[in-house]
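The structure appears right after this line, and notes come after that.
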2 protein chains.
Amino acid sequence: MRALYFDGQLTLRDVPDPRPGPGEALIRVRLAGICGTDRQILKGYSGFHGIPGHEFVGEVVQCDDRRWIGRRVVGEINVTCGHCEWCRRGLGRHCSSRTVMGIIGRPGAFAEFVTLPVANLHEVPNEVPDEEAVFVEPLAAAAEILEQMPIAGGTRVAVLGAGRLGLLVAQVLRHAGADVTVIGRSEWKLKLAQSWGLKTVRPGPGDESKLAPRSFAVVVEATSSPEGLEQALQLVEPRGVVVMKSTFHEPAHFDTANLVVNEITLLGSRCGNFATAIDLLRRDAVQVEAMISRVFPLAQGVEAFRHLDCESCLKVLLRND
Amino acid sequence: MRALYFDGQLTLRDVPDPRPGPGEALIRVRLAGICGTDRQILKGYSGFHGIPGHEFVGEVVQCDDRRWIGRRVVGEINVTCGHCEWCRRGLGRHCSSRTVMGIIGRPGAFAEFVTLPVANLHEVPNEVPDEEAVFVEPLAAAAEILEQMPIAGGTRVAVLGAGRLGLLVAQVLRHAGADVTVIGRSEWKLKLAQSWGLKTVRPGPGDESKLAPRSFAVVVEATSSPEGLEQALQLVEPRGVVVMKSTFHEPAHFDTANLVVNEITLLGSRCGNFATAIDLLRRDAVQVEAMISRVFPLAQGVEAFRHLDCESCLKVLLRND
């Protein structure tokens, strides 16, 4: 099959078709999304070599349990041992012997086919088209914040970064009743946020009053850059929470005295519940299709990664025609 | 009066006696403690110039409310506006116009006399001698952790750093039912912890098994050095909490991907409730006198700071004879 392959350099290759193991399904990928983590992998994050890609929607074409065949599915990306303490607690994404599709020790979805355990699959309801379903993984990650901390209605929340993840987080928290302000640099991404009824600020002359230090109870760091943390720590009020969503290859540094003196909580937040995300899409609670900048055929995957560097780009998808 | 004064260099000086303002008391300092923050101030932390010192026990000698005169007191260090949102929420220590005794904009306790608002004072009960009362401020800071997060009985907690603050935190959390391990470098400080029934580990050959990565639900960083954070992040389990207690002048840097992927919470924690600390001392729930390494007269305060550099030193006090 054809696949994108990273071994220090990203190329399109012919690789052997994957074979599903016991309890696994073979899935023909229909549509896959490129995410910030994929770009970090190309910079060396997680030391991954192989087929990247962990956001996808596809169709089961082979499976021991024949009821799955033909179903349209999305898949949870952590493949776990199933019997350690974390797996027993329902938090398999922290299983220490896990593999992670396209990130740690397991081929990803930028390919014609991918395999995953049936236990990882979620059927996509008919009301949710491929172009929405491909957002289930990042949307679940956005919704994870609400599983980690309660956010009372009206809470002042800043989302730093109007990129793919930031715009999902902003919509999810607004849907939960928070008073959300999206802070970003790109005028048209902020306009998109405004079109969904979100408040926005583009830092610059005249906007200082809207971004007073210590003025948000919760700040979500979704900039994908180490500098975002320092800005988040300035915006959050004493006893507030900075949620860290983006992973990056470089270490961040910050003024720990600020964290201690102002008793700030820094909350690391990662993958989330797929069922929650599917439900948000089915109920049209969040808008995702407007975030699609361009769809490339899989064969042009290397170009698709380059396209992500455009200022005007949000989500780029790969279609497996 | 005589006082220690820091203006880039620490010296003993004669300075004018302080005059209590309306609602304030003039307190003759009996005993004061030198803390890690005082040493950081000498390195430039908080940009403070003036009389340092914020751990003390003294006697009220002048006050509009004459009932206070003659009482033995300890004093909360944050002097607040009393009417902002934070003050109204009972969290005056986050009042943005606060001064902090010996740290921000207000003379401290390394002097013959100090002034504080009566609202900041707590009378010391007779059962608590000066040598214990002088620990109320750092003990309150240690107990603050329990006001910020619940710690269930039996929770595996590591305290990184067997210094003054670490040994207080370890005792407070053990008293609350946690399964506490103190991790330090100094053999005799760890022996002291053992004498109180605490588990200890001195990192070195043979002790790796007791310090497995991801093996503590809570890690308290009390090393007073930026390197402690990185070690804490290695020891804490996924979804665990790293409590940051020490403030230092230098920025820390750390692997944010670890925080995000393992969904770790970093909790900044500072001053605490004095009444809680006084109660712990009155009930002999924590041992503090054994932590006193040496008591210097105030006149030898500069030497006292130098003495803190000894490997074998824990708490150094200044007595105002």
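Numbering starts fresh at 1 for the residues of each chain in the structure tokens, the chains themselves are lettered A, B, ... in the order given, and ligands are numbered from 1 as they appear.
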
Close residues, A:Ala162 itself excluded, 6 Å, only C-alpha atoms, min 2 positions apart in chain, as a ChimeraX atom specification: /A:166-167,184

Report as JSON, numbers by chain all protein, DNA and RNA residues lying within 7 Å of A:Val136, evaluated on only C-alpha atoms, omitting residues in the same chain fewer than 5 positions from it. {"A": [274, 277, 278]}

Please dump the current selection as a CSV table (one decimal), in the first residue's frame; keep N, CA and C atoms.
chain,number,residue,atom,x,y,z
A,274,PHE,N,-13.8,9.7,23.3
A,274,PHE,CA,-14.3,9.7,21.9
A,274,PHE,C,-15.9,9.9,21.9
A,277,ALA,N,-17.0,13.4,22.2
A,277,ALA,CA,-16.7,14.1,21.0
A,277,ALA,C,-17.7,13.8,19.9
A,278,ILE,N,-18.0,12.5,19.7
A,278,ILE,CA,-19.0,12.1,18.7
A,278,ILE,C,-20.4,12.8,19.0

Got a sec to pull out which chain A residues are within 10 Å of chain B, counting only C-alpha atoms, and send them as a PyMOL selection string? chain A and resi 45-46+86+91+93-96+148+214+226+229+237-239+241-271

Can you list, as a PyMOL selection string, every protein, DNA or RNA residue that comes within 12 Å of A:Arg39 when you count only C-alpha atoms, leaving out same-chain residues fewer than 2 positions away? chain A and resi 6+9-10+33-37+41-46+48+52-53+102-103+224+246-249+302+304-309+316

Find the residues near A:Gln231: any atom within 10 Å, counting only C-alpha atoms, skip ones fewer than 6 places away on the same chain, and give them as a list in words.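 After dropping sequence-adjacent residues, the list is Leu160, Pro213, Val219, Glu221 and Phe254 of chain A.
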
Run DSSP on the backbone and grab whatever in stretch 109-300 of chain A lands in strand (DSSP E or B); send it over as JSON, numbers by chain. {"A": [111, 113, 114, 115, 116, 117, 121, 122, 123, 156, 157, 158, 159, 160, 179, 180, 181, 182, 183, 199, 200, 201, 216, 217, 218, 219, 220, 221, 236, 237, 238, 239, 240, 241, 242, 243, 244, 252, 253, 254, 265, 266, 267, 268, 292, 293, 294, 295, 296, 297]}

I need the alpha helix (DSSP H) residues of stretch 77-288 of chain A per DSSP on the backbone, written as a VMD selection string. chain A and resid 85 to 88 130 to 133 136 to 148 164 to 175 187 to 195 227 to 235 256 to 261 274 to 282

B:His175: which residues within 12 Å, counting only C-alpha atoms, same-chain residues fewer than 6 positions away excluded, as a list in words? Ala142, Ala143, Leu146, Ile151, Ala152, Gly153, Gly154, Leu168, Val169, Trp196, Gly197, Leu198, Leu280, Leu281, Arg283, Asp284, Ala285, Val286 and Gln287 of chain B

Those selected residues, please, written with N, CA and C atoms and delivered as a PDB file, in the first residue's frame.
ATOM      1  N   ALA B 142       3.351  24.910  55.031  1.00  0.00           N
ATOM      2  CA  ALA B 142       3.353  23.458  54.790  1.00  0.00           C
ATOM      3  C   ALA B 142       1.919  22.928  54.775  1.00  0.00           C
ATOM      4  N   ALA B 143       1.108  23.387  55.726  1.00  0.00           N
ATOM      5  CA  ALA B 143      -0.259  22.879  55.858  1.00  0.00           C
ATOM      6  C   ALA B 143      -1.168  23.389  54.742  1.00  0.00           C
ATOM      7  N   LEU B 146      -2.789  21.015  52.137  1.00  0.00           N
ATOM      8  CA  LEU B 146      -4.025  20.287  52.433  1.00  0.00           C
ATOM      9  C   LEU B 146      -5.263  21.149  52.214  1.00  0.00           C
ATOM     10  N   ILE B 151      -5.829  14.966  50.208  1.00  0.00           N
ATOM     11  CA  ILE B 151      -4.878  13.851  50.081  1.00  0.00           C
ATOM     12  C   ILE B 151      -5.460  12.691  50.891  1.00  0.00           C
ATOM     13  N   ALA B 152      -5.913  11.660  50.189  1.00  0.00           N
ATOM     14  CA  ALA B 152      -6.565  10.538  50.864  1.00  0.00           C
ATOM     15  C   ALA B 152      -5.549   9.764  51.701  1.00  0.00           C
ATOM     16  N   GLY B 153      -6.009   9.157  52.785  1.00  0.00           N
ATOM     17  CA  GLY B 153      -5.135   8.338  53.632  1.00  0.00           C
ATOM     18  C   GLY B 153      -4.435   7.282  52.795  1.00  0.00           C
ATOM     19  N   GLY B 154      -3.139   7.065  53.070  1.00  0.00           N
ATOM     20  CA  GLY B 154      -2.388   6.037  52.356  1.00  0.00           C
ATOM     21  C   GLY B 154      -1.817   6.488  51.022  1.00  0.00           C
ATOM     22  N   LEU B 168       8.950  20.007  57.460  1.00  0.00           N
ATOM     23  CA  LEU B 168       7.638  20.411  57.971  1.00  0.00           C
ATOM     24  C   LEU B 168       6.521  19.815  57.111  1.00  0.00           C
ATOM     25  N   VAL B 169       6.677  19.923  55.787  1.00  0.00           N
ATOM     26  CA  VAL B 169       5.667  19.377  54.873  1.00  0.00           C
ATOM     27  C   VAL B 169       5.494  17.880  55.119  1.00  0.00           C
ATOM     28  N   TRP B 196      11.379  10.637  63.528  1.00  0.00           N
ATOM     29  CA  TRP B 196       9.948  10.968  63.640  1.00  0.00           C
ATOM     30  C   TRP B 196       9.080   9.892  62.985  1.00  0.00           C
ATOM     31  N   GLY B 197       9.700   8.801  62.564  1.00  0.00           N
ATOM     32  CA  GLY B 197       8.930   7.706  61.976  1.00  0.00           C
ATOM     33  C   GLY B 197       8.674   7.842  60.493  1.00  0.00           C
ATOM     34  N   LEU B 198       9.374   8.776  59.834  1.00  0.00           N
ATOM     35  CA  LEU B 198       9.179   8.968  58.390  1.00  0.00           C
ATOM     36  C   LEU B 198      10.096   8.042  57.599  1.00  0.00           C
ATOM     37  N   LEU B 280      -1.627  22.629  65.263  1.00  0.00           N
ATOM     38  CA  LEU B 280      -0.730  21.469  65.089  1.00  0.00           C
ATOM     39  C   LEU B 280       0.360  21.473  66.169  1.00  0.00           C
ATOM     40  N   LEU B 281       0.883  22.666  66.483  1.00  0.00           N
ATOM     41  CA  LEU B 281       1.943  22.760  67.500  1.00  0.00           C
ATOM     42  C   LEU B 281       1.376  22.470  68.888  1.00  0.00           C
ATOM     43  N   ARG B 283      -1.048  20.629  69.695  1.00  0.00           N
ATOM     44  CA  ARG B 283      -1.335  19.199  69.863  1.00  0.00           C
ATOM     45  C   ARG B 283      -0.104  18.328  69.658  1.00  0.00           C
ATOM     46  N   ASP B 284       1.085  18.935  69.591  1.00  0.00           N
ATOM     47  CA  ASP B 284       2.337  18.194  69.384  1.00  0.00           C
ATOM     48  C   ASP B 284       2.272  17.258  68.180  1.00  0.00           C
ATOM     49  N   ALA B 285       1.537  17.670  67.143  1.00  0.00           N
ATOM     50  CA  ALA B 285       1.383  16.821  65.962  1.00  0.00           C
ATOM     51  C   ALA B 285       2.626  16.865  65.076  1.00  0.00           C
ATOM     52  N   VAL B 286       3.422  17.901  65.221  1.00  0.00           N
ATOM     53  CA  VAL B 286       4.681  17.986  64.466  1.00  0.00           C
ATOM     54  C   VAL B 286       5.807  18.384  65.428  1.00  0.00           C
ATOM     55  N   GLN B 287       7.006  17.922  65.097  1.00  0.00           N
ATOM     56  CA  GLN B 287       8.190  18.219  65.907  1.00  0.00           C
ATOM     57  C   GLN B 287       8.973  19.326  65.217  1.00  0.00           C
TER      58      GLN B 287
END

B:Ser312 surroundings by only C-alpha atoms, 10 Å radius, close-in-sequence under 6 positions cut, as a list in words: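 Skipping anything fewer than 6 positions along the chain leaves Ser186, Glu187, Trp188, Lys189 and Ser293 of chain B.
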
Deliver the residues from the most recent selection as a file, using N, CA and C atoms, as a short mmCIF file (atom, residue, chain, number, x, y, z; two decimals), in the first residue's frame.
data_model
loop_
_atom_site.label_atom_id
_atom_site.label_comp_id
_atom_site.auth_asym_id
_atom_site.auth_seq_id
_atom_site.Cartn_x
_atom_site.Cartn_y
_atom_site.Cartn_z
N SER B 186 21.32 14.95 52.72
CA SER B 186 22.06 15.00 53.98
C SER B 186 21.64 13.85 54.89
N GLU B 187 22.64 13.02 55.24
CA GLU B 187 22.35 11.82 56.02
C GLU B 187 21.71 12.17 57.36
N TRP B 188 22.25 13.20 58.01
CA TRP B 188 21.72 13.46 59.36
C TRP B 188 20.33 14.08 59.34
N LYS B 189 20.03 14.85 58.30
CA LYS B 189 18.66 15.38 58.20
C LYS B 189 17.66 14.23 57.98
N SER B 293 19.14 24.44 64.56
CA SER B 293 20.57 24.14 64.56
C SER B 293 21.32 25.08 65.49
#

Counting only C-alpha atoms, figure out which residue out of A:Leu318, A:Val182, A:Val114, A:Leu233 gets nearest to A:Val61.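 The answer is A:Val114, which sits nearest to A:Val61.
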
Excluding A:Arg164 and any residue of its chain fewer than 6 positions from it, enumerate the residues within 9 Å of it, using only C-alpha atoms, and give them as a VMD selection string. chain A and resid 35 to 36 138 222 291 314 to 315

Selection above as a file: N, CA, C and O atoms, as a short mmCIF file (atom, residue, chain, number, x, y, z; two decimals), in the first residue's frame:
data_model
loop_
_atom_site.label_atom_id
_atom_site.label_comp_id
_atom_site.auth_asym_id
_atom_site.auth_seq_id
_atom_site.Cartn_x
_atom_site.Cartn_y
_atom_site.Cartn_z
N CYS A 35 -2.06 17.04 12.36
CA CYS A 35 -2.21 17.76 13.63
C CYS A 35 -0.86 18.32 14.05
O CYS A 35 0.19 17.99 13.50
N GLY A 36 -0.87 19.22 15.04
CA GLY A 36 0.36 19.83 15.55
C GLY A 36 1.37 18.79 16.00
O GLY A 36 2.58 18.95 15.77
N PRO A 138 -9.09 15.13 17.89
CA PRO A 138 -8.73 16.41 18.54
C PRO A 138 -9.88 17.01 19.35
O PRO A 138 -9.65 17.67 20.36
N ALA A 222 -2.61 26.79 23.97
CA ALA A 222 -2.74 25.95 22.77
C ALA A 222 -1.99 26.60 21.61
O ALA A 222 -2.44 26.58 20.47
N MET A 291 -13.20 24.75 9.46
CA MET A 291 -11.77 24.79 9.77
C MET A 291 -10.92 24.07 8.73
O MET A 291 -9.70 24.12 8.76
N LEU A 314 -5.53 26.36 8.32
CA LEU A 314 -5.98 25.77 9.57
C LEU A 314 -5.83 24.24 9.48
O LEU A 314 -4.74 23.74 9.66
N LYS A 315 -6.89 23.54 9.14
CA LYS A 315 -6.81 22.08 9.10
C LYS A 315 -6.55 21.59 7.69
O LYS A 315 -7.24 22.01 6.75
#
